[in-house]
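Okay, protein28.txt is below, compact mmCIF, C-alpha atoms and all ligand atoms:
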```
# COMPACT_ATOMS: atom_id res chain seq x y z
CA MET A 27 138.47 56.44 127.42
CA ILE A 28 138.41 58.76 130.44
CA ARG A 29 141.86 59.48 131.78
CA SER A 30 143.21 60.60 135.15
CA ALA A 31 143.63 64.29 135.80
CA PRO A 32 146.85 65.74 134.43
CA GLN A 33 149.67 67.13 136.52
CA THR A 34 149.20 70.72 135.42
CA SER A 35 146.17 72.85 136.03
CA THR A 36 143.49 73.17 133.38
CA ILE A 37 142.16 76.46 134.73
CA ASN A 38 140.97 78.75 131.94
CA ARG A 39 141.72 82.34 132.91
CA ASP A 40 139.18 84.11 130.71
CA ARG A 41 136.35 81.74 131.50
CA LEU A 42 136.92 82.06 135.25
CA LEU A 43 136.99 85.87 135.10
CA GLN A 44 133.98 85.96 132.78
CA SER A 45 131.99 83.81 135.21
CA ILE A 46 132.93 86.05 138.16
CA ALA A 47 131.73 89.07 136.14
CA GLU A 48 128.49 87.38 135.02
CA LEU A 49 127.61 86.34 138.55
CA ALA A 50 128.48 89.81 139.90
CA ALA A 51 125.94 91.30 137.48
CA ILE A 52 123.17 89.64 139.52
CA GLY A 53 122.32 92.03 142.34
CA CYS A 54 125.00 94.49 141.25
CA LEU A 55 125.28 97.83 143.07
CA PRO A 56 126.30 101.23 141.64
CA GLN A 57 129.87 101.14 143.03
CA GLY A 58 130.58 97.68 141.61
CA GLY A 59 129.52 95.74 144.69
CA VAL A 60 126.83 93.11 145.02
CA ARG A 61 123.68 92.65 147.08
CA ARG A 62 122.54 89.03 147.00
CA ILE A 63 121.09 88.41 150.43
CA ALA A 64 120.22 84.77 151.09
CA TYR A 65 116.75 83.64 149.91
CA THR A 66 116.04 86.87 147.98
CA PRO A 67 115.23 86.84 144.24
CA GLU A 68 118.85 87.87 143.50
CA ASP A 69 120.23 84.98 145.55
CA ILE A 70 117.89 82.58 143.77
CA GLN A 71 118.89 83.97 140.37
CA GLY A 72 122.59 83.55 141.20
CA ARG A 73 122.03 80.01 142.46
CA ASN A 74 120.11 79.10 139.31
CA LEU A 75 122.87 80.41 137.07
CA VAL A 76 125.54 78.40 138.90
CA ARG A 77 123.30 75.33 138.83
CA GLN A 78 123.00 75.62 135.05
CA TRP A 79 126.75 76.03 134.72
CA MET A 80 127.27 72.92 136.83
CA GLN A 81 124.89 70.90 134.69
CA LYS A 82 126.62 72.08 131.53
CA ALA A 83 129.90 70.87 133.01
CA ASP A 84 128.57 67.30 133.29
CA MET A 85 127.93 67.55 137.00
CA LYS A 86 125.08 65.78 138.74
CA VAL A 87 123.36 68.49 140.74
CA ARG A 88 121.18 68.04 143.78
CA ILE A 89 119.82 70.33 146.47
CA ASP A 90 119.79 69.01 150.01
CA ALA A 91 117.21 69.80 152.68
CA ALA A 92 119.27 72.80 153.84
CA GLY A 93 119.17 74.25 150.34
CA ASN A 94 122.86 73.55 149.69
CA ILE A 95 123.58 73.02 145.99
CA ILE A 96 125.84 70.00 145.56
CA GLY A 97 127.37 69.48 142.12
CA ARG A 98 129.15 66.16 141.71
CA TYR A 99 131.66 65.37 139.01
CA GLU A 100 132.18 61.64 138.88
CA GLY A 101 135.58 60.16 139.66
CA LYS A 102 137.28 57.16 138.11
CA PHE A 103 136.39 55.26 141.26
CA PRO A 104 132.88 56.42 142.20
CA GLN A 105 132.83 54.47 145.45
CA LEU A 106 135.71 56.44 146.98
CA PRO A 107 135.08 59.20 149.55
CA VAL A 108 134.72 62.49 147.72
CA LEU A 109 137.00 65.48 147.48
CA ALA A 110 135.00 68.64 147.98
CA THR A 111 135.35 72.37 147.59
CA GLY A 112 132.87 75.23 147.65
CA SER A 113 131.78 78.38 149.41
CA HIS A 114 128.72 80.61 149.24
CA LEU A 115 126.89 82.87 146.77
CA ASP A 116 124.95 85.01 149.25
CA THR A 117 126.37 88.36 150.29
CA VAL A 118 125.93 90.96 153.02
CA PRO A 119 123.53 93.81 152.08
CA SER A 120 126.37 95.80 150.53
CA GLY A 121 129.01 93.23 149.70
CA GLY A 122 131.74 92.58 147.20
CA ARG A 123 131.87 90.33 144.16
CA TYR A 124 134.56 87.93 145.43
CA ASP A 125 133.56 86.95 148.97
CA GLY A 126 132.15 83.44 148.55
CA ALA A 127 131.69 83.65 144.79
CA LEU A 128 135.39 83.10 144.07
CA GLY A 129 135.46 79.79 145.96
CA VAL A 130 132.38 78.46 144.17
CA LEU A 131 133.43 79.60 140.69
CA ALA A 132 137.02 78.38 141.06
CA GLY A 133 135.61 74.96 142.02
CA LEU A 134 133.36 75.06 138.96
CA GLU A 135 136.34 76.05 136.78
CA VAL A 136 138.28 73.03 138.08
CA VAL A 137 135.47 70.83 136.75
CA ARG A 138 135.11 72.70 133.48
CA GLY A 139 138.83 72.22 132.85
CA LEU A 140 138.58 68.51 133.52
CA GLN A 141 135.50 68.23 131.32
CA ASP A 142 137.21 70.13 128.47
CA THR A 143 139.86 67.46 128.29
CA ASN A 144 137.72 64.50 129.27
CA LEU A 145 139.70 63.95 132.45
CA GLN A 146 138.75 62.92 135.96
CA PHE A 147 140.15 62.80 139.45
CA ASP A 148 140.35 59.30 140.89
CA ARG A 149 137.67 60.14 143.41
CA PRO A 150 134.37 61.94 142.93
CA PHE A 151 134.64 65.71 143.19
CA GLU A 152 131.96 67.97 144.62
CA VAL A 153 131.46 71.70 144.38
CA ILE A 154 129.15 72.86 147.15
CA VAL A 155 127.20 76.12 147.35
CA PHE A 156 126.35 76.58 151.02
CA THR A 157 123.12 78.27 152.04
CA ASP A 158 123.16 81.63 153.82
CA GLU A 159 126.77 81.84 154.95
CA GLU A 160 126.55 85.49 155.83
CA ASN A 161 123.76 85.38 158.33
CA SER A 162 123.34 81.91 159.83
CA THR A 163 125.71 79.45 158.05
CA ILE A 164 122.70 77.14 158.16
CA GLY A 165 123.93 75.28 155.06
CA SER A 166 127.28 74.15 156.41
CA LYS A 167 125.85 73.71 159.90
CA ALA A 168 123.22 71.33 158.53
CA MET A 169 125.83 69.42 156.54
CA SER A 170 127.91 68.93 159.68
CA GLY A 171 124.86 68.11 161.82
CA ASN A 172 124.96 71.27 163.94
CA VAL A 173 121.66 72.93 163.14
CA VAL A 174 119.78 74.37 166.11
CA GLY A 175 116.46 72.50 166.55
CA ASP A 176 114.35 75.60 167.19
CA SER A 177 113.31 77.04 163.82
CA ASP A 178 112.74 80.48 165.40
CA TYR A 179 116.48 80.77 165.81
CA TYR A 180 116.74 81.07 162.02
CA ARG A 181 113.91 83.57 161.57
CA ARG A 182 115.08 86.29 159.17
CA PRO A 183 115.44 89.94 160.18
CA ASP A 184 112.39 90.69 157.94
CA GLY A 185 110.33 88.21 159.99
CA SER A 186 110.08 85.44 157.41
CA SER A 187 110.36 81.89 158.73
CA ILE A 188 113.15 79.50 157.86
CA GLN A 189 110.52 77.07 156.57
CA THR A 190 109.45 79.57 153.91
CA CYS A 191 113.01 80.60 153.11
CA LEU A 192 114.27 77.06 152.58
CA GLN A 193 111.22 76.22 150.48
CA ARG A 194 112.09 79.10 148.14
CA ILE A 195 115.47 77.58 147.34
CA GLY A 196 114.44 73.94 147.13
CA GLY A 197 115.21 72.96 150.73
CA ASN A 198 112.93 71.55 153.42
CA TRP A 199 113.20 72.49 157.11
CA ASP A 200 111.29 69.39 158.26
CA ALA A 201 113.90 67.15 156.66
CA ILE A 202 116.92 69.26 157.59
CA ALA A 203 118.57 66.39 159.49
CA THR A 204 118.95 64.55 156.17
CA ALA A 205 121.43 67.20 155.00
CA LYS A 206 124.03 65.84 157.43
CA ARG A 207 126.90 64.05 155.73
CA PRO A 208 128.31 61.09 157.63
CA VAL A 209 131.95 61.22 158.70
CA GLY A 210 133.98 59.36 156.06
CA GLU A 211 131.79 60.30 153.10
CA ILE A 212 133.93 63.36 152.30
CA ALA A 213 137.70 62.76 152.37
CA ALA A 214 138.62 66.44 152.42
CA PHE A 215 137.07 69.88 152.02
CA VAL A 216 139.23 72.73 150.69
CA GLU A 217 137.77 76.24 150.45
CA LEU A 218 139.29 79.06 148.43
CA HIS A 219 138.32 82.49 149.77
CA VAL A 220 139.46 86.10 149.74
CA GLU A 221 141.36 86.93 152.89
CA GLN A 222 139.01 89.74 154.02
CA GLY A 223 141.95 91.19 155.95
CA PRO A 224 145.18 93.10 155.27
CA VAL A 225 147.84 90.51 156.22
CA LEU A 226 148.73 89.04 152.80
CA GLU A 227 148.87 92.43 151.12
CA SER A 228 151.00 93.95 153.88
CA MET A 229 153.40 90.98 153.77
CA GLN A 230 153.36 91.01 149.95
CA LYS A 231 152.43 87.33 149.79
CA GLU A 232 150.43 85.88 146.92
CA ILE A 233 148.77 83.02 148.77
CA GLY A 234 147.68 82.48 152.36
CA ILE A 235 147.62 79.00 153.85
CA VAL A 236 145.05 79.03 156.60
CA GLU A 237 146.17 77.32 159.80
CA GLY A 238 142.65 77.25 161.13
CA ILE A 239 139.67 79.40 161.92
CA VAL A 240 140.08 81.07 165.27
CA GLY A 241 137.94 80.23 168.25
CA GLN A 242 135.89 83.07 169.61
CA ARG A 243 134.66 83.94 173.11
CA ARG A 244 132.31 86.74 173.85
CA PHE A 245 131.39 88.12 177.26
CA LYS A 246 129.28 90.85 178.78
CA ILE A 247 131.09 92.81 181.47
CA PHE A 248 129.04 94.65 184.07
CA VAL A 249 130.70 97.37 186.08
CA GLU A 250 128.93 98.56 189.18
CA GLY A 251 129.85 101.83 190.84
CA ASN A 252 127.75 104.56 192.34
CA ALA A 253 125.81 107.22 190.40
CA ASN A 254 126.04 110.57 192.10
CA HIS A 255 126.02 114.32 191.54
CA ALA A 256 128.87 115.36 189.25
CA GLY A 257 129.21 118.70 191.05
CA THR A 258 128.83 117.88 194.70
CA THR A 259 130.61 114.51 194.91
CA PRO A 260 134.30 115.06 195.75
CA MET A 261 136.74 113.12 193.60
CA TYR A 262 138.01 111.03 196.51
CA MET A 263 134.46 109.82 197.31
CA ARG A 264 133.55 108.68 193.80
CA ARG A 265 132.94 105.11 192.61
CA ASP A 266 132.92 105.97 188.92
CA ALA A 267 131.93 102.94 186.80
CA LEU A 268 133.14 104.56 183.58
CA VAL A 269 136.61 105.18 184.99
CA THR A 270 136.72 101.48 185.89
CA ALA A 271 135.42 100.56 182.44
CA SER A 272 138.18 102.64 180.84
CA LYS A 273 140.80 100.69 182.77
CA VAL A 274 139.09 97.47 181.65
CA VAL A 275 139.29 98.59 178.00
CA LEU A 276 143.01 99.30 178.39
CA ALA A 277 143.61 95.94 180.11
CA VAL A 278 141.82 94.11 177.26
CA ASN A 279 143.85 96.01 174.68
CA ALA A 280 147.08 95.23 176.54
CA ILE A 281 146.24 91.50 176.58
CA GLY A 282 145.59 91.67 172.83
CA ASN A 283 149.04 93.20 172.37
CA THR A 284 150.98 90.56 174.32
CA PRO A 285 153.04 88.19 172.12
CA GLY A 286 150.82 85.80 170.17
CA GLN A 287 148.21 85.88 167.41
CA GLN A 288 145.22 86.69 169.62
CA VAL A 289 142.95 89.66 169.15
CA ALA A 290 140.92 91.18 171.99
CA THR A 291 138.31 93.89 171.65
CA VAL A 292 135.80 95.93 173.63
CA GLY A 293 133.38 97.04 170.93
CA GLN A 294 130.25 97.94 172.85
CA LEU A 295 129.75 100.15 175.85
CA GLN A 296 126.65 101.47 177.58
CA VAL A 297 126.93 104.04 180.33
CA TYR A 298 124.20 104.54 182.94
CA PRO A 299 122.64 106.94 183.54
CA ASN A 300 124.65 108.53 180.70
CA ALA A 301 124.15 112.14 181.76
CA ALA A 302 126.67 114.96 181.67
CA ASN A 303 126.05 115.95 185.27
CA VAL A 304 126.05 112.49 186.87
CA VAL A 305 129.01 110.36 187.90
CA PRO A 306 128.47 107.10 185.93
CA GLY A 307 126.97 104.43 188.20
CA ASN A 308 126.95 101.43 185.87
CA VAL A 309 128.57 100.36 182.64
CA GLU A 310 127.71 97.40 180.47
CA MET A 311 130.37 96.41 177.94
CA SER A 312 131.40 93.63 175.58
CA LEU A 313 134.57 91.58 175.42
CA ASP A 314 135.47 89.63 172.29
CA ILE A 315 138.63 87.53 172.25
CA ARG A 316 139.83 85.21 169.47
CA ASP A 317 142.75 82.86 168.91
CA LEU A 318 143.59 79.58 167.20
CA SER A 319 144.18 77.90 170.56
CA ASP A 320 141.35 77.45 173.04
CA CYS A 321 143.92 76.88 175.84
CA HIS A 322 145.64 80.14 175.01
CA ILE A 323 142.30 81.95 175.22
CA ASP A 324 141.71 80.33 178.65
CA CYS A 325 145.10 81.53 179.80
CA LEU A 326 144.53 85.10 178.58
CA LEU A 327 141.11 85.18 180.22
CA GLU A 328 142.62 84.09 183.53
CA GLN A 329 145.14 86.93 183.32
CA LEU A 330 142.32 89.35 182.53
CA ARG A 331 140.28 88.16 185.52
CA LEU A 332 143.19 88.84 187.86
CA HIS A 333 143.64 92.23 186.27
CA PHE A 334 139.96 93.04 186.69
CA GLU A 335 140.15 92.12 190.39
CA ASP A 336 142.96 94.62 190.88
CA ILE A 337 141.07 97.29 188.95
CA ALA A 338 137.89 96.71 190.97
CA LEU A 339 139.82 96.92 194.22
CA ALA A 340 141.65 100.10 193.23
CA THR A 341 138.46 101.86 192.06
CA ASP A 342 136.11 100.53 194.75
CA THR A 343 133.74 99.16 192.09
CA LYS A 344 132.50 95.71 191.17
CA ILE A 345 133.17 93.90 187.86
CA HIS A 346 131.09 90.89 186.77
CA ILE A 347 131.83 88.86 183.66
CA VAL A 348 129.05 86.84 181.99
CA PRO A 349 129.88 84.41 179.13
CA GLN A 350 127.83 84.92 175.95
CA LEU A 351 129.43 82.84 173.23
CA HIS A 352 132.04 80.12 172.97
CA LEU A 353 133.07 78.98 169.49
CA GLU A 354 135.90 76.49 169.40
CA PRO A 355 138.71 76.92 166.89
CA ALA A 356 138.59 74.76 163.73
CA LEU A 357 142.08 73.69 162.77
CA ALA A 358 143.14 73.05 159.19
CA GLU A 359 144.66 69.63 158.58
CA PRO A 360 148.50 69.83 158.55
CA HIS A 361 148.82 67.59 155.47
CA ILE A 362 146.38 69.79 153.52
CA GLN A 363 148.41 72.86 154.52
CA GLN A 364 151.48 71.03 153.21
CA ALA A 365 149.72 70.23 149.94
CA ILE A 366 148.86 73.93 149.49
CA ALA A 367 152.47 74.89 150.27
CA ARG A 368 153.76 72.39 147.70
CA ALA A 369 151.28 73.77 145.16
CA CYS A 370 152.62 77.29 145.74
CA GLU A 371 156.23 76.12 145.47
CA LYS A 372 155.51 74.28 142.24
CA MET A 373 154.03 77.45 140.77
CA GLY A 374 156.70 79.75 142.22
CA LEU A 375 154.18 81.68 144.34
CA SER A 376 155.01 83.38 147.62
CA TYR A 377 152.92 82.27 150.58
CA THR A 378 152.54 82.51 154.32
CA HIS A 379 150.61 80.62 156.98
CA LEU A 380 147.99 82.61 158.85
CA PRO A 381 144.87 82.11 160.95
CA SER A 382 141.44 83.08 159.65
CA ARG A 383 139.78 85.47 162.05
CA ALA A 384 136.52 85.48 160.12
CA SER A 385 134.06 82.57 160.07
CA HIS A 386 133.71 80.41 156.99
CA ASP A 387 131.73 77.35 155.91
CA ALA A 388 135.01 75.40 156.16
CA GLN A 389 134.81 75.87 159.93
CA GLU A 390 131.66 73.74 160.09
CA MET A 391 132.98 71.24 157.56
CA ALA A 392 135.97 70.59 159.87
CA ASN A 393 133.51 68.71 162.11
CA ILE A 394 132.96 66.00 159.51
CA THR A 395 136.05 65.96 157.30
CA GLU A 396 139.67 67.05 156.95
CA MET A 397 139.64 70.76 156.15
CA GLY A 398 141.93 73.25 154.46
CA MET A 399 141.59 76.83 153.26
CA ILE A 400 143.41 78.93 150.68
CA PHE A 401 143.37 82.73 150.89
CA VAL A 402 144.11 85.27 148.18
CA PRO A 403 144.83 88.92 149.09
CA SER A 404 142.04 91.46 149.57
CA SER A 405 143.03 94.91 148.39
CA GLY A 406 143.37 97.18 151.42
CA GLY A 407 142.06 94.34 153.57
CA ILE A 408 138.53 95.52 152.69
CA SER A 409 135.59 93.14 152.49
CA HIS A 410 131.86 93.13 153.23
CA ALA A 411 131.93 96.38 151.30
CA GLU A 412 131.45 97.39 147.68
CA GLU A 413 135.14 98.31 147.44
CA GLU A 414 136.17 94.69 148.07
CA HIS A 415 138.71 93.80 145.42
CA SER A 416 141.08 91.02 144.46
CA SER A 417 142.80 91.41 141.10
CA PRO A 418 142.14 89.03 138.18
CA GLU A 419 145.65 87.61 138.62
CA GLU A 420 145.07 87.03 142.34
CA CYS A 421 141.81 85.20 141.62
CA LEU A 422 143.49 83.15 138.93
CA ARG A 423 146.39 82.20 141.21
CA GLY A 424 143.94 81.12 143.88
CA ALA A 425 142.06 78.90 141.43
CA LYS A 426 145.28 77.32 140.19
CA VAL A 427 146.48 76.63 143.72
CA LEU A 428 143.08 75.09 144.45
CA TRP A 429 143.40 72.86 141.38
CA GLU A 430 146.92 71.77 142.29
CA THR A 431 145.99 71.12 145.93
CA LEU A 432 143.02 68.98 144.90
CA TRP A 433 145.19 67.04 142.48
CA GLN A 434 147.71 66.34 145.24
CA LEU A 435 145.02 65.33 147.71
CA ASP A 436 143.52 62.97 145.14
CA ARG A 437 146.91 61.23 145.07
CA TYR A 438 147.39 61.48 148.85
CA TYR A 439 144.22 59.61 149.73
CA GLY A 440 145.00 56.91 147.14
CA THR A 441 142.56 54.41 145.70
ZN ZN B 501 132.61 84.47 152.62
```
Would you kindly transcribe this structure into structure tokens?
Ligand SMILES: [Zn+2]
Amino acid sequence: MIRSAPQTSTINRDRLLQSIAELAAIGCLPQGGVRRIAYTPEDIQGRNLVRQWMQKADMKVRIDAAGNIIGRYEGKFPQLPVLATGSHLDTVPSGGRYDGALGVLAGLEVVRGLQDTNLQFDRPFEVIVFTDEENSTIGSKAMSGNVVGDSDYYRRPDGSSIQTCLQRIGGNWDAIATAKRPVGEIAAFVELHVEQGPVLESMQKEIGIVEGIVGQRRFKIFVEGNANHAGTTPMYMRRDALVTASKVVLAVNAIGNTPGQQVATVGQLQVYPNAANVVPGNVEMSLDIRDLSDCHIDCLLEQLRLHFEDIALATDTKIHIVPQLHLEPALAEPHIQQAIARACEKMGLSYTHLPSRASHDAQEMANITEMGMIFVPSSGGISHAEEEHSSPEECLRGAKVLWETLWQLDRYYGT
């Protein structure tokens, strides 16, 4: 007879670490990193390996129209909304072995542990491999019904069409709408991921409980001054766009440093005409600002606008701001954060709450289900690089916290 899941985790340390190593061998780079760009032969090889592992673990595996691999481990009550976890297997061109892979393989290990002991959660459990997280997040976007209709939007940098790419991995662009999961079908989605930042390590915390994925606004700022001879134009007659731009950069940095969790950055700057002997006439620059609260971002932007007006007046230049991108924050469900905290307490692990300032598939999933995320430390805060590293113990702790959180959520949602 199949029994309910036990109260203690069934995560097998060696098997989890072995799987991480085996997967990292596909597309491995000389410095220990990984190159498994979505839709490439390496990506397909990695996906196939994980698919086989899922099948071996008694999971029913299907691929939806967006190419997402969905492995389902049946629950005691198959009609109940599912618990889900997952992440991605694709990497950036020169990525690490943990970003994405850890979340998928920890989910798989949860199932393997249950299968070992012939146990089940009450509800069905899914491990999802999302398509192309690194470039387009088309997999999680399709699952939450947010795919852009124009297929050209998803054209790859090498020119290949999304139709061809999805076909290669068993998806189908023409049927992409069918990948959407209705609200209510998934009770909760919990993603385990490496932090990709330095906060946990610097605070010496073992686990991060993600409060949400920050919202992001991006703008183009145009500064208009007057290009003129750098020798003959007296200082008091100049309208130097770069001087104005410099004050803008400092104002943005100052806003970022006011109390709060926001970050604000000018990362791009073009100077015209960009000549050593000409007073700069125009500058085009970027503004990127992120926070967990959309209202707080609004408030900071209002302060910046007032600041910019003063700067423009004082420098006799003009400053125009043009919106480019507005991504709303995706908040993690408070009761899932509590479940993760309880899991940490039960295991005697130190933890802290923190926002995620990088995008994740969980962000899209928050549109259709209750979402939570667990972070483990990234050594030196490094990721999207071959040096990306989380220790075996850190990976193991993350997987155990995932297991415990899922077990608690299975109880929380009841039968
Ligand atoms: Zn990732």
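Atom pair CA of Ile323 in chain A / CA of Arg243 in chain A has a distance of 8.2 Å (rounded to one decimal).
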If I take CA of Met373 in chain A and CA of Leu432 in chain A, how far is one from the other in Å, to one decimal?
14.5 Å
All residues having an atom within 7 Å of ligand ZN 501 (chain B) (all atoms listed in the file) as an NGL selection string
:A and (113-114 or 125-126 or 159-160 or 219 or 386)
Go ahead and compute the interatomic distance for CA of Leu226 in chain A and CA of Ser404 in chain A, in Å to one decimal.
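Pair CA of Leu226 in chain A / CA of Ser404 in chain A returns 7.8 Å.
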Taking only residues of range 210-268 of chain A that have an atom at most 10 Å from an atom of range 348-370 of chain A, what is each one's shortest atom pair and its distance in Å to one decimal, using all atoms listed in the file, in chain and number order, as a tab-separated table?
```
residue	atom	partner	partner_atom	distance
A:Ala214	CA	A:Ile362	CA	8.5
A:Phe215	CA	A:Ile362	CA	9.4
A:Val216	CA	A:Ile362	CA	8.2
A:Glu232	CA	A:Cys370	CA	8.9
A:Ile233	CA	A:Cys370	CA	7.5
A:Gly234	CA	A:Ile366	CA	9.1
A:Ile235	CA	A:Gln363	CA	6.2
A:Val236	CA	A:Ala358	CA	6.8
A:Glu237	CA	A:Ala358	CA	5.3
A:Gly238	CA	A:Leu357	CA	4.0
A:Ile239	CA	A:Ala356	CA	5.1
A:Val240	CA	A:Pro355	CA	4.7
A:Gly241	CA	A:Pro355	CA	3.7
A:Gln242	CA	A:Leu353	CA	5.0
A:Arg243	CA	A:His352	CA	4.6
A:Arg244	CA	A:Leu351	CA	4.9
A:Phe245	CA	A:Pro349	CA	4.4
A:Lys246	CA	A:Val348	CA	5.1
A:Ile247	CA	A:Val348	CA	6.3
A:Phe248	CA	A:Val348	CA	8.1
```
Identify the residues around (136.4, 61.8, 153.2) within a radius of 7 Å, measuring from all atoms listed in the file in the coordinates stated by the file, and give them as a compact mmCIF listing (two decimals) with C-alpha atoms, in the coordinates of the input.
```
# COMPACT_ATOMS: atom_id res chain seq x y z
CA PRO A 107 135.08 59.20 149.55
CA VAL A 108 134.72 62.49 147.72
CA LEU A 109 137.00 65.48 147.48
CA GLY A 210 133.98 59.36 156.06
CA GLU A 211 131.79 60.30 153.10
CA ILE A 212 133.93 63.36 152.30
CA ALA A 213 137.70 62.76 152.37
CA ALA A 214 138.62 66.44 152.42
CA THR A 395 136.05 65.96 157.30
```
Give as a compact mmCIF listing (two decimals) with C-alpha atoms, keeping the file's coordinate frame every residue, naming chains and numbers as the document does, that has an atom within 10 Å of (113.7, 81.4, 157.7), counting all atoms listed in the file.
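Output (part.txt):
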```
# COMPACT_ATOMS: atom_id res chain seq x y z
CA ALA A 64 120.22 84.77 151.09
CA TYR A 65 116.75 83.64 149.91
CA SER A 162 123.34 81.91 159.83
CA ILE A 164 122.70 77.14 158.16
CA SER A 177 113.31 77.04 163.82
CA ASP A 178 112.74 80.48 165.40
CA TYR A 179 116.48 80.77 165.81
CA TYR A 180 116.74 81.07 162.02
CA ARG A 181 113.91 83.57 161.57
CA ARG A 182 115.08 86.29 159.17
CA PRO A 183 115.44 89.94 160.18
CA ASP A 184 112.39 90.69 157.94
CA GLY A 185 110.33 88.21 159.99
CA SER A 186 110.08 85.44 157.41
CA SER A 187 110.36 81.89 158.73
CA ILE A 188 113.15 79.50 157.86
CA GLN A 189 110.52 77.07 156.57
CA THR A 190 109.45 79.57 153.91
CA CYS A 191 113.01 80.60 153.11
CA LEU A 192 114.27 77.06 152.58
CA GLN A 193 111.22 76.22 150.48
CA ARG A 194 112.09 79.10 148.14
CA TRP A 199 113.20 72.49 157.11
```
Got a minute to add N, CA and C atoms to range 114-128 of chain A and dump it as a PDB file, in the coordinates of the input?
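Ended up saving to rebuild_2.pdb:
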```pdb
ATOM      1  N   HIS A 114     130.107  80.135 149.239  1.00  0.00           N
ATOM      2  CA  HIS A 114     128.720  80.610 149.240  1.00  0.00           C
ATOM      3  C   HIS A 114     128.500  81.672 148.157  1.00  0.00           C
ATOM      4  N   LEU A 115     127.238  81.861 147.777  1.00  0.00           N
ATOM      5  CA  LEU A 115     126.890  82.870 146.770  1.00  0.00           C
ATOM      6  C   LEU A 115     126.151  84.055 147.385  1.00  0.00           C
ATOM      7  N   ASP A 116     125.653  83.887 148.626  1.00  0.00           N
ATOM      8  CA  ASP A 116     124.950  85.010 149.250  1.00  0.00           C
ATOM      9  C   ASP A 116     125.958  86.045 149.715  1.00  0.00           C
ATOM     10  N   THR A 117     125.494  87.267 149.855  1.00  0.00           N
ATOM     11  CA  THR A 117     126.370  88.360 150.290  1.00  0.00           C
ATOM     12  C   THR A 117     125.716  89.119 151.454  1.00  0.00           C
ATOM     13  N   VAL A 118     126.495  90.005 152.062  1.00  0.00           N
ATOM     14  CA  VAL A 118     125.930  90.960 153.020  1.00  0.00           C
ATOM     15  C   VAL A 118     125.168  92.008 152.197  1.00  0.00           C
ATOM     16  N   PRO A 119     124.357  92.874 152.851  1.00  0.00           N
ATOM     17  CA  PRO A 119     123.530  93.810 152.080  1.00  0.00           C
ATOM     18  C   PRO A 119     124.332  94.661 151.091  1.00  0.00           C
ATOM     19  N   SER A 120     125.562  95.009 151.446  1.00  0.00           N
ATOM     20  CA  SER A 120     126.370  95.800 150.530  1.00  0.00           C
ATOM     21  C   SER A 120     127.746  95.137 150.465  1.00  0.00           C
ATOM     22  N   GLY A 121     127.807  94.062 149.704  1.00  0.00           N
ATOM     23  CA  GLY A 121     129.010  93.230 149.700  1.00  0.00           C
ATOM     24  C   GLY A 121     129.823  93.367 148.433  1.00  0.00           C
ATOM     25  N   GLY A 122     130.867  92.560 148.359  1.00  0.00           N
ATOM     26  CA  GLY A 122     131.740  92.580 147.200  1.00  0.00           C
ATOM     27  C   GLY A 122     131.441  91.415 146.275  1.00  0.00           C
ATOM     28  N   ARG A 123     132.165  91.353 145.163  1.00  0.00           N
ATOM     29  CA  ARG A 123     131.870  90.330 144.160  1.00  0.00           C
ATOM     30  C   ARG A 123     132.726  89.072 144.313  1.00  0.00           C
ATOM     31  N   TYR A 124     133.645  89.072 145.302  1.00  0.00           N
ATOM     32  CA  TYR A 124     134.560  87.930 145.430  1.00  0.00           C
ATOM     33  C   TYR A 124     134.301  87.056 146.651  1.00  0.00           C
ATOM     34  N   ASP A 125     133.804  87.667 147.721  1.00  0.00           N
ATOM     35  CA  ASP A 125     133.560  86.950 148.970  1.00  0.00           C
ATOM     36  C   ASP A 125     132.555  85.824 148.713  1.00  0.00           C
ATOM     37  N   GLY A 126     133.026  84.590 148.786  1.00  0.00           N
ATOM     38  CA  GLY A 126     132.150  83.440 148.550  1.00  0.00           C
ATOM     39  C   GLY A 126     132.153  83.018 147.099  1.00  0.00           C
ATOM     40  N   ALA A 127     131.828  83.974 146.212  1.00  0.00           N
ATOM     41  CA  ALA A 127     131.690  83.650 144.790  1.00  0.00           C
ATOM     42  C   ALA A 127     132.976  83.051 144.210  1.00  0.00           C
ATOM     43  N   LEU A 128     134.121  83.594 144.621  1.00  0.00           N
ATOM     44  CA  LEU A 128     135.390  83.100 144.070  1.00  0.00           C
ATOM     45  C   LEU A 128     135.560  81.607 144.358  1.00  0.00           C
TER      46      LEU A 128
END
```
